[in-house]
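Source file: final_23.txt. Holds: compact mmCIF, C-alpha atoms.
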```txt
# COMPACT_ATOMS: atom_id res chain seq x y z
CA MET L 1 -35.60 -4.00 30.91
CA GLY L 2 -36.77 -0.38 30.97
CA LEU L 3 -35.33 0.39 27.52
CA GLU L 4 -35.47 4.06 26.56
CA SER L 5 -35.55 5.37 23.01
CA THR L 6 -33.08 8.10 22.08
CA LYS L 7 -32.86 10.87 19.53
CA ARG L 8 -29.31 10.04 18.50
CA ARG L 9 -28.70 7.34 15.90
CA VAL L 10 -28.92 3.94 17.56
CA THR L 11 -25.90 1.76 16.89
CA MET L 12 -25.25 -1.96 16.83
CA ALA L 13 -23.37 -1.53 20.10
CA ASP L 14 -26.51 -0.07 21.73
CA VAL L 15 -28.54 -3.12 20.72
CA ALA L 16 -25.82 -5.51 21.88
CA ALA L 17 -25.57 -3.77 25.27
CA ALA L 18 -29.32 -3.78 25.78
CA VAL L 19 -29.66 -7.49 24.95
CA GLY L 20 -26.48 -8.47 26.76
CA VAL L 21 -24.74 -10.02 23.74
CA SER L 22 -21.76 -9.13 21.56
CA ARG L 23 -21.87 -6.84 18.52
CA GLU L 24 -20.96 -9.89 16.46
CA ALA L 25 -24.12 -11.66 17.64
CA VAL L 26 -26.23 -8.69 16.54
CA GLY L 27 -24.51 -8.75 13.15
CA ILE L 28 -25.18 -12.47 12.80
CA ALA L 29 -28.85 -11.96 13.59
CA PHE L 30 -29.38 -9.30 10.96
CA ARG L 31 -27.43 -11.17 8.31
CA GLY L 32 -29.57 -14.28 8.87
CA LYS L 33 -26.53 -16.43 9.62
CA SER L 34 -26.26 -19.37 12.01
CA GLY L 35 -24.34 -19.15 15.28
CA ILE L 36 -26.92 -17.86 17.76
CA SER L 37 -30.08 -19.40 19.21
CA ASP L 38 -33.54 -18.61 17.87
CA GLU L 39 -34.45 -17.03 21.20
CA THR L 40 -31.41 -14.73 21.10
CA ARG L 41 -32.20 -13.79 17.51
CA ARG L 42 -35.83 -13.02 18.44
CA ARG L 43 -34.73 -10.88 21.40
CA ILE L 44 -32.22 -8.96 19.25
CA PHE L 45 -34.91 -8.11 16.70
CA GLU L 46 -37.33 -7.13 19.48
CA VAL L 47 -34.84 -4.79 21.12
CA ALA L 48 -33.69 -3.37 17.78
CA ASP L 49 -37.27 -2.57 16.83
CA HIS L 50 -37.88 -0.95 20.21
CA LEU L 51 -34.75 1.22 19.94
CA GLY L 52 -35.38 2.07 16.30
CA TYR L 53 -32.15 0.49 15.11
CA ARG L 54 -31.82 0.16 11.32
CA PRO L 55 -28.58 -1.40 10.03
CA ASN L 56 -29.15 -0.39 6.41
CA THR L 57 -31.16 1.93 4.23
CA ALA L 58 -33.64 -0.70 3.06
CA ALA L 59 -35.63 -1.94 6.05
CA GLN L 60 -37.27 -4.69 4.05
CA THR L 61 -33.90 -6.41 3.60
CA LEU L 62 -33.02 -6.56 7.28
CA ARG L 63 -34.15 -10.14 7.80
CA ARG L 64 -33.53 -11.63 4.41
CA ALA L 65 -31.22 -14.64 4.34
CA SER L 66 -29.20 -13.03 1.53
CA THR L 67 -28.86 -9.35 0.64
CA LYS L 68 -26.71 -10.07 -2.44
CA LEU L 69 -24.52 -7.11 -1.52
CA ILE L 70 -20.72 -7.00 -1.73
CA GLY L 71 -19.14 -3.99 -0.04
CA VAL L 72 -15.94 -2.33 -1.23
CA VAL L 73 -13.68 0.04 0.74
CA PHE L 74 -11.15 2.08 -1.26
CA SER L 75 -9.04 5.23 -1.08
CA PRO L 76 -10.00 8.00 -3.54
CA GLU L 77 -6.33 9.07 -3.63
CA HIS L 78 -5.27 5.89 -5.43
CA LEU L 79 -6.26 6.06 -9.08
CA ALA L 80 -5.57 2.37 -9.65
CA ASP L 81 -8.34 1.55 -7.16
CA LEU L 82 -10.90 3.36 -9.30
CA ASP L 83 -9.91 1.36 -12.39
CA ILE L 84 -10.55 -1.88 -10.51
CA ILE L 85 -13.88 -0.76 -9.05
CA GLN L 86 -15.35 0.25 -12.39
CA TRP L 87 -15.12 -3.38 -13.52
CA MET L 88 -16.45 -4.84 -10.27
CA HIS L 89 -20.00 -3.60 -10.79
CA GLY L 90 -20.62 -5.48 -14.03
CA THR L 91 -18.75 -8.57 -12.85
CA ALA L 92 -20.81 -8.70 -9.66
CA LYS L 93 -24.06 -8.18 -11.58
CA ASP L 94 -23.25 -11.20 -13.76
CA SER L 95 -23.06 -13.25 -10.54
CA GLY L 96 -26.33 -11.87 -9.17
CA PHE L 97 -24.72 -9.44 -6.71
CA THR L 98 -24.63 -5.65 -6.29
CA VAL L 99 -21.52 -3.71 -5.29
CA VAL L 100 -21.79 -1.07 -2.56
CA THR L 101 -18.77 1.24 -2.23
CA THR L 102 -17.49 3.57 0.46
CA THR L 103 -14.24 5.51 0.83
CA ALA L 104 -11.52 5.39 3.46
CA THR L 105 -10.28 8.89 4.27
CA LYS L 106 -8.88 10.82 7.23
CA GLN L 107 -12.42 11.93 8.06
CA HIS L 108 -13.86 8.44 7.47
CA PRO L 109 -11.22 5.89 8.55
CA GLU L 110 -11.04 2.38 7.19
CA LEU L 111 -12.54 0.68 10.24
CA ALA L 112 -15.47 3.10 10.20
CA ALA L 113 -15.97 2.29 6.52
CA ILE L 114 -16.06 -1.44 7.33
CA ASP L 115 -18.61 -0.79 10.07
CA GLU L 116 -20.73 1.19 7.60
CA LEU L 117 -20.78 -1.68 5.12
CA ALA L 118 -21.55 -4.16 7.88
CA GLY L 119 -24.57 -1.98 8.60
CA TYR L 120 -25.76 -2.56 5.04
CA SER L 121 -25.69 -6.32 5.70
CA CYS L 122 -23.08 -6.93 3.01
CA GLU L 123 -22.34 -10.62 2.59
CA ALA L 124 -18.65 -9.94 1.91
CA ILE L 125 -16.43 -6.86 2.17
CA VAL L 126 -13.58 -6.11 -0.23
CA LEU L 127 -10.71 -3.98 1.09
CA ILE L 128 -8.48 -2.43 -1.56
CA ALA L 129 -5.02 -1.76 -0.16
CA PRO L 130 -6.04 -1.75 3.52
CA VAL L 131 -3.83 0.01 6.05
CA ALA L 132 -5.41 -1.33 9.26
CA ASN L 133 -3.93 -4.40 10.89
CA PRO L 134 -5.68 -7.74 10.34
CA ALA L 135 -6.87 -8.14 13.94
CA ASP L 136 -8.67 -4.77 13.89
CA ILE L 137 -10.19 -5.56 10.49
CA GLU L 138 -11.50 -8.87 11.76
CA ARG L 139 -13.09 -7.26 14.80
CA ALA L 140 -14.73 -4.52 12.72
CA ALA L 141 -16.10 -7.00 10.17
CA LEU L 142 -18.18 -8.87 12.78
CA GLY L 143 -17.76 -12.20 11.03
CA ILE L 144 -18.40 -10.93 7.49
CA PRO L 145 -15.97 -12.52 4.99
CA ILE L 146 -13.13 -10.20 3.94
CA VAL L 147 -11.34 -10.15 0.57
CA VAL L 148 -8.12 -8.12 0.54
CA VAL L 149 -6.83 -6.62 -2.70
CA GLY L 150 -3.18 -5.64 -3.09
CA ARG L 151 -1.77 -6.98 0.17
CA ASP L 152 -0.81 -10.51 1.17
CA PHE L 153 -3.04 -11.08 4.20
CA SER L 154 -3.47 -14.80 3.55
CA VAL L 155 -1.43 -15.66 6.67
CA SER L 156 -4.11 -13.82 8.67
CA GLY L 157 -6.81 -16.03 7.21
CA PHE L 158 -8.20 -13.50 4.72
CA ASP L 159 -8.77 -14.24 1.04
CA THR L 160 -6.39 -12.16 -1.11
CA VAL L 161 -6.18 -10.95 -4.69
CA ARG L 162 -3.11 -9.10 -5.94
CA SER L 163 -0.96 -8.52 -8.97
CA GLN L 164 2.52 -10.00 -9.23
CA GLY L 165 4.32 -6.85 -8.14
CA ALA L 166 7.77 -8.36 -7.71
CA GLU L 167 7.72 -9.93 -11.16
CA GLY L 168 6.43 -6.74 -12.80
CA ILE L 169 9.14 -4.49 -11.34
CA ALA L 170 11.86 -7.07 -12.07
CA ARG L 171 10.75 -7.12 -15.72
CA LEU L 172 10.98 -3.33 -15.89
CA VAL L 173 14.54 -3.42 -14.53
CA LYS L 174 15.41 -6.10 -17.09
CA HIS L 175 13.93 -3.95 -19.87
CA LEU L 176 16.07 -0.98 -18.84
CA ALA L 177 19.20 -3.10 -18.43
CA GLU L 178 18.72 -4.55 -21.90
CA LEU L 179 18.55 -1.00 -23.26
CA GLY L 180 22.00 -0.44 -21.73
CA HIS L 181 21.14 1.39 -18.49
CA LYS L 182 23.47 0.82 -15.56
CA GLU L 183 22.40 3.61 -13.17
CA ILE L 184 18.84 2.60 -12.36
CA VAL L 185 17.35 4.24 -9.26
CA TYR L 186 14.22 2.94 -7.54
CA LEU L 187 11.65 5.35 -6.09
CA HIS L 188 10.28 3.33 -3.19
CA GLY L 189 6.93 4.11 -1.56
CA PRO L 190 7.26 2.41 1.85
CA GLN L 191 3.67 3.35 2.73
CA MET L 192 2.34 1.62 -0.36
CA PHE L 193 0.15 -1.45 0.09
CA GLU L 194 2.43 -3.55 -2.13
CA ALA L 195 5.70 -1.86 -1.24
CA LYS L 196 7.60 -4.94 -0.09
CA PRO L 197 7.14 -7.21 -3.14
CA ARG L 198 7.79 -4.36 -5.58
CA LEU L 199 11.01 -3.45 -3.74
CA GLU L 200 12.02 -7.11 -3.79
CA GLY L 201 11.38 -7.12 -7.54
CA TYR L 202 13.75 -4.18 -8.03
CA ARG L 203 16.44 -5.84 -5.92
CA ALA L 204 16.07 -9.13 -7.78
CA GLY L 205 16.17 -7.43 -11.17
CA MET L 206 19.30 -5.46 -10.28
CA ARG L 207 21.06 -8.55 -8.91
CA SER L 208 20.16 -10.52 -12.01
CA SER L 209 21.60 -7.76 -14.22
CA GLY L 210 24.71 -7.38 -12.07
CA LEU L 211 23.96 -3.74 -11.27
CA THR L 212 24.40 -1.65 -8.11
CA GLN L 213 21.17 -0.89 -6.30
CA ARG L 214 20.15 2.64 -5.33
CA ILE L 215 16.86 3.13 -3.50
CA ILE L 216 15.25 6.44 -2.56
CA ASN L 217 12.32 6.44 -0.16
CA MET L 218 9.34 8.66 -0.97
CA LEU L 219 8.46 9.82 2.53
CA ASP L 220 5.38 11.82 1.52
CA GLY L 221 3.39 8.89 0.15
CA TYR L 222 3.40 7.66 -3.40
CA THR L 223 1.50 10.33 -5.30
CA GLU L 224 2.57 12.72 -8.07
CA THR L 225 3.81 15.16 -5.43
CA ALA L 226 6.05 12.52 -3.83
CA GLY L 227 7.59 11.60 -7.19
CA ALA L 228 8.19 15.26 -8.06
CA LYS L 229 9.98 15.87 -4.74
CA VAL L 230 12.38 12.98 -5.34
CA ALA L 231 13.11 14.18 -8.89
CA GLN L 232 13.90 17.63 -7.56
CA SER L 233 16.14 16.21 -4.82
CA LEU L 234 18.12 14.28 -7.42
CA LEU L 235 18.83 17.52 -9.28
CA ASN L 236 19.72 19.35 -6.07
CA SER L 237 22.18 16.67 -4.92
CA HIS L 238 24.92 18.05 -7.21
CA GLY L 239 25.73 14.55 -8.35
CA SER L 240 25.16 13.11 -11.81
CA LEU L 241 21.61 12.16 -12.65
CA PRO L 242 20.87 8.45 -13.00
CA THR L 243 19.97 7.37 -16.50
CA ALA L 244 16.75 5.67 -15.40
CA LEU L 245 14.13 5.84 -12.66
CA VAL L 246 11.93 2.88 -11.74
CA CYS L 247 8.95 4.22 -9.80
CA SER L 248 6.87 2.01 -7.54
CA ASN L 249 3.65 3.23 -9.15
CA ASP L 250 2.41 5.31 -12.08
CA GLN L 251 1.36 8.34 -10.06
CA ALA L 252 4.88 8.82 -8.65
CA ALA L 253 6.29 8.30 -12.15
CA HIS L 254 4.00 11.03 -13.53
CA GLY L 255 5.18 13.46 -10.87
CA ALA L 256 8.85 12.68 -11.43
CA MET L 257 8.45 12.99 -15.20
CA GLN L 258 6.69 16.37 -15.07
CA GLU L 259 9.19 17.79 -12.55
CA LEU L 260 12.18 16.74 -14.65
CA ARG L 261 10.62 18.26 -17.75
CA ARG L 262 9.83 21.46 -15.85
CA LEU L 263 13.51 21.71 -14.91
CA GLY L 264 14.63 21.18 -18.49
CA ILE L 265 15.55 17.47 -18.32
CA LEU L 266 14.42 15.52 -21.36
CA VAL L 267 12.49 12.26 -20.92
CA PRO L 268 13.57 9.74 -22.19
CA ASN L 269 16.58 11.38 -23.91
CA GLU L 270 18.35 12.14 -20.63
CA VAL L 271 16.39 10.07 -18.09
CA SER L 272 14.14 7.08 -18.75
CA ILE L 273 11.19 6.57 -16.40
CA THR L 274 8.95 3.60 -15.67
CA GLY L 275 5.91 3.12 -13.44
CA TYR L 276 3.60 0.36 -12.28
CA ASP L 277 -0.20 0.01 -12.62
CA ASN L 278 -0.95 1.29 -16.14
CA ILE L 279 -3.58 3.76 -14.96
CA ARG L 280 -5.51 5.41 -17.78
CA SER L 281 -3.53 8.67 -17.78
CA SER L 282 -0.30 6.72 -18.41
CA GLN L 283 -1.60 5.98 -21.88
CA LEU L 284 -1.96 9.67 -22.84
CA SER L 285 0.37 10.74 -25.65
CA PHE L 286 2.14 13.44 -23.61
CA ILE L 287 2.92 10.93 -20.80
CA ASP L 288 3.27 7.68 -22.76
CA LEU L 289 4.64 5.83 -19.74
CA THR L 290 6.42 2.50 -19.91
CA THR L 291 4.87 0.53 -17.07
CA ALA L 292 3.83 -2.84 -15.66
CA HIS L 293 0.20 -3.51 -16.47
CA GLN L 294 -2.00 -4.23 -13.45
CA ASP L 295 -5.05 -5.60 -15.24
CA PRO L 296 -8.11 -4.05 -13.53
CA LEU L 297 -10.60 -6.36 -15.25
CA ALA L 298 -8.70 -9.50 -14.27
CA LEU L 299 -8.38 -8.22 -10.70
CA ALA L 300 -12.09 -7.34 -10.54
CA GLU L 301 -13.10 -10.75 -11.86
CA ALA L 302 -10.85 -12.50 -9.36
CA VAL L 303 -12.18 -10.38 -6.48
CA ILE L 304 -15.85 -11.05 -7.25
CA ARG L 305 -15.18 -14.74 -7.95
CA THR L 306 -13.39 -15.04 -4.60
CA ALA L 307 -16.13 -13.20 -2.69
CA VAL L 308 -18.92 -15.28 -4.25
CA THR L 309 -17.03 -18.51 -3.55
CA ARG L 310 -16.50 -17.50 0.06
CA ILE L 311 -20.18 -16.56 0.47
CA SER L 312 -21.50 -19.70 -1.22
CA ASP L 313 -19.07 -22.44 -0.26
CA SER L 314 -17.04 -21.17 2.75
CA PRO L 315 -13.83 -23.03 1.81
CA LYS L 316 -11.64 -24.04 4.76
CA HIS L 317 -8.46 -22.34 3.59
CA PRO L 318 -7.79 -18.77 2.38
CA ILE L 319 -8.14 -18.22 -1.35
CA GLU L 320 -5.14 -16.49 -2.95
CA SER L 321 -5.22 -15.19 -6.53
CA LEU L 322 -2.15 -13.74 -8.30
CA ILE L 323 -2.63 -11.73 -11.49
CA ASP L 324 0.18 -11.38 -14.05
CA SER L 325 1.71 -7.91 -14.63
CA PRO L 326 3.34 -7.75 -18.09
CA VAL L 327 5.49 -4.80 -19.16
CA LEU L 328 4.06 -2.31 -21.65
CA VAL L 329 6.88 -0.49 -23.43
CA ARG L 330 6.04 3.08 -24.43
CA GLY L 331 7.86 6.32 -25.11
CA SER L 332 9.23 7.11 -21.63
CA THR L 333 12.18 4.70 -21.97
CA ALA L 334 15.06 4.67 -24.45
CA ARG L 335 18.75 3.82 -24.64
CA PRO L 336 20.80 5.79 -22.07
CA ARG L 337 22.43 9.10 -22.87
CA MET L 338 26.08 9.13 -23.96
CA LEU L 339 25.97 5.42 -24.92
```

Go through the file and emit its structure as structure tokens.
Amino acid sequence: MGLESTKRRVTMADVAAAVGVSREAVGIAFRGKSGISDETRRRIFEVADHLGYRPNTAAQTLRRASTKLIGVVFSPEHLADLDIIQWMHGTAKDSGFTVVTTTATKQHPELAAIDELAGYSCEAIVLIAPVANPADIERAALGIPIVVVGRDFSVSGFDTVRSQGAEGIARLVKHLAELGHKEIVYLHGPQMFEAKPRLEGYRAGMRSSGLTQRIINMLDGYTETAGAKVAQSLLNSHGSLPTALVCSNDQAAHGAMQELRRLGILVPNEVSITGYDNIRSSQLSFIDLTTAHQDPLALAEAVIRTAVTRISDSPKHPIESLIDSPVLVRGSTARPRML
């Protein structure tokens, strides 16, 4: 076919174009899966060798039936992701697998991260809080099983693992209402992977307690900076401060707490604050945040169990795992002021 070698890195697309097949077919060949003819597989390997294509860093694994690799894509900005990942390695090792991680950033978008892990011949890819739409994810994965953490993508056919966000936030609202709070404001992170169920939890908790809802959107994400900006805006509004803030995650709660303290507002004496996730810093004595516990070990175990089941058994229907999120009461909540 007059194939020419090239100095630039040869991609899966180059091999597919040279053979006259799809990228998915090339991926199937190198993962040792069924779905293409032996002749097509042989031709793909022949062309790949000629072009110098190497889909992963260990050439000796290219044609193994099983690489025993599970890929994970996460955002380094989300501290809760790191807590989950640290437990995945040991859990995967117990099942005979190795975890390979890569980050999703502005410079290295999510779909590029998926493509990278596909190049390592991962047998399943775990996406923690993905932002891409399901159709794009499916195309990028080239037939590799996907496990989604933190978003309900089961209707798209993906296996999902997530904490019970609605229940956790509703329990926090109930905790504050039982303390006597009536002005409970929710700091909503609409860009958050689990924004909808957590918002529904706040609404349900407020309805159940017979209280008036007040929701403030954090338009700059759901980090410490976003929480601090909302806290400052509440003070600048010239209205009375609410007696309690329910934040959609711990990082926003940390930011709101530190900004209020910087401006002379006592927590919890004047304003109670809650979060969601129970990241490690929430347990520090100077933060001591009341929060809903998103159990990273339970999530990691469910993720690896789901991935291994999908790799080994290929069940017909999506697997969905829900992990409980109990409330941990600490020093950031108390009875409301002037009660």

| Within 7 Å of (-11.2, -0.2, 1.1), in the coordinates the file gives, what residues turn up when you count all atoms listed in the file, written out as JSON, numbers by chain? | {"L": [72, 73, 74, 75, 103, 104, 110, 126, 127, 128, 129, 130]}

Atoms to include: C-alpha atoms. Write the selected residues as an mmCIF file, in the coordinates of the input.
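Contents of again21.cif, as written:
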```
data_model
loop_
_atom_site.group_PDB
_atom_site.id
_atom_site.type_symbol
_atom_site.label_atom_id
_atom_site.label_comp_id
_atom_site.auth_asym_id
_atom_site.auth_seq_id
_atom_site.Cartn_x
_atom_site.Cartn_y
_atom_site.Cartn_z
ATOM 1 C CA VAL L 72 -15.940 -2.330 -1.230
ATOM 2 C CA VAL L 73 -13.680 0.040 0.740
ATOM 3 C CA PHE L 74 -11.150 2.080 -1.260
ATOM 4 C CA SER L 75 -9.040 5.230 -1.080
ATOM 5 C CA THR L 103 -14.240 5.510 0.830
ATOM 6 C CA ALA L 104 -11.520 5.390 3.460
ATOM 7 C CA GLU L 110 -11.040 2.380 7.190
ATOM 8 C CA VAL L 126 -13.580 -6.110 -0.230
ATOM 9 C CA LEU L 127 -10.710 -3.980 1.090
ATOM 10 C CA ILE L 128 -8.480 -2.430 -1.560
ATOM 11 C CA ALA L 129 -5.020 -1.760 -0.160
ATOM 12 C CA PRO L 130 -6.040 -1.750 3.520
#
```

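Interatomic distance, CA of Leu111 (chain L) against CA of Tyr276 (chain L): 27.7 Å.
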
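With distances restricted to all atoms listed in the file, L:Glu194 is the closest residue to Asp152 (chain L) from L:Asp313, L:Glu301, L:Asp14, L:Glu194.
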
| In Å to one decimal, how far is CA of Asp38 (chain L) from CA of Arg310 (chain L)? |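 That distance, rounded to one decimal, is 24.7 Å.
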
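Computed from the coordinates, the CA of Ile287 (chain L) to CA of Glu200 (chain L) distance equals 26.4 Å.
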
| Hey, which of L:Leu260, L:Leu297, L:Ile84, L:Met192 ends up closest to Gly227 (chain L)? Count only C-alpha atoms. |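 Looking only at the distances to Gly227 (chain L), the closest residue turns out to be L:Leu260.
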
| task | Please provide as a ChimeraX atom specification all residues within 6 Å of Arg162 (chain L), with the sequence filter that same-chain residues fewer than 6 positions apart are discarded (counting all atoms listed in the file). | result | /L:149-150,322

All file atoms of region 72-80 of chain L boxed axis-aligned, 3 Å per side, centre plus edges, as JSON:
```
{"center_x": -10.6, "center_y": 3.4, "center_z": -4.5, "size_x": 16.7, "size_y": 17.4, "size_z": 16.4}
```

| message | Which residues are close to region 253-257 of chain L, i.e. within 12 Å by only C-alpha atoms, leaving aside same-chain residues fewer than 5 positions away? Reply as a PyMOL selection string. | response | chain L and resi 186-189+218+222-235+244-248+262-268+270-284+286-292+331-333

Next, dump the selected residues to file, keeping only C-alpha atoms, as an mmCIF file, keeping the file's coordinate frame.
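This is the output file again.cif:
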```cif
data_model
loop_
_atom_site.group_PDB
_atom_site.id
_atom_site.type_symbol
_atom_site.label_atom_id
_atom_site.label_comp_id
_atom_site.auth_asym_id
_atom_site.auth_seq_id
_atom_site.Cartn_x
_atom_site.Cartn_y
_atom_site.Cartn_z
ATOM 1 C CA TYR L 186 14.220 2.940 -7.540
ATOM 2 C CA LEU L 187 11.650 5.350 -6.090
ATOM 3 C CA HIS L 188 10.280 3.330 -3.190
ATOM 4 C CA GLY L 189 6.930 4.110 -1.560
ATOM 5 C CA MET L 218 9.340 8.660 -0.970
ATOM 6 C CA TYR L 222 3.400 7.660 -3.400
ATOM 7 C CA THR L 223 1.500 10.330 -5.300
ATOM 8 C CA GLU L 224 2.570 12.720 -8.070
ATOM 9 C CA THR L 225 3.810 15.160 -5.430
ATOM 10 C CA ALA L 226 6.050 12.520 -3.830
ATOM 11 C CA GLY L 227 7.590 11.600 -7.190
ATOM 12 C CA ALA L 228 8.190 15.260 -8.060
ATOM 13 C CA LYS L 229 9.980 15.870 -4.740
ATOM 14 C CA VAL L 230 12.380 12.980 -5.340
ATOM 15 C CA ALA L 231 13.110 14.180 -8.890
ATOM 16 C CA GLN L 232 13.900 17.630 -7.560
ATOM 17 C CA SER L 233 16.140 16.210 -4.820
ATOM 18 C CA LEU L 234 18.120 14.280 -7.420
ATOM 19 C CA LEU L 235 18.830 17.520 -9.280
ATOM 20 C CA ALA L 244 16.750 5.670 -15.400
ATOM 21 C CA LEU L 245 14.130 5.840 -12.660
ATOM 22 C CA VAL L 246 11.930 2.880 -11.740
ATOM 23 C CA CYS L 247 8.950 4.220 -9.800
ATOM 24 C CA SER L 248 6.870 2.010 -7.540
ATOM 25 C CA ARG L 262 9.830 21.460 -15.850
ATOM 26 C CA LEU L 263 13.510 21.710 -14.910
ATOM 27 C CA GLY L 264 14.630 21.180 -18.490
ATOM 28 C CA ILE L 265 15.550 17.470 -18.320
ATOM 29 C CA LEU L 266 14.420 15.520 -21.360
ATOM 30 C CA VAL L 267 12.490 12.260 -20.920
ATOM 31 C CA PRO L 268 13.570 9.740 -22.190
ATOM 32 C CA GLU L 270 18.350 12.140 -20.630
ATOM 33 C CA VAL L 271 16.390 10.070 -18.090
ATOM 34 C CA SER L 272 14.140 7.080 -18.750
ATOM 35 C CA ILE L 273 11.190 6.570 -16.400
ATOM 36 C CA THR L 274 8.950 3.600 -15.670
ATOM 37 C CA GLY L 275 5.910 3.120 -13.440
ATOM 38 C CA TYR L 276 3.600 0.360 -12.280
ATOM 39 C CA ASP L 277 -0.200 0.010 -12.620
ATOM 40 C CA ASN L 278 -0.950 1.290 -16.140
ATOM 41 C CA ILE L 279 -3.580 3.760 -14.960
ATOM 42 C CA ARG L 280 -5.510 5.410 -17.780
ATOM 43 C CA SER L 281 -3.530 8.670 -17.780
ATOM 44 C CA SER L 282 -0.300 6.720 -18.410
ATOM 45 C CA GLN L 283 -1.600 5.980 -21.880
ATOM 46 C CA LEU L 284 -1.960 9.670 -22.840
ATOM 47 C CA PHE L 286 2.140 13.440 -23.610
ATOM 48 C CA ILE L 287 2.920 10.930 -20.800
ATOM 49 C CA ASP L 288 3.270 7.680 -22.760
ATOM 50 C CA LEU L 289 4.640 5.830 -19.740
ATOM 51 C CA THR L 290 6.420 2.500 -19.910
ATOM 52 C CA THR L 291 4.870 0.530 -17.070
ATOM 53 C CA ALA L 292 3.830 -2.840 -15.660
ATOM 54 C CA GLY L 331 7.860 6.320 -25.110
ATOM 55 C CA SER L 332 9.230 7.110 -21.630
ATOM 56 C CA THR L 333 12.180 4.700 -21.970
#
```
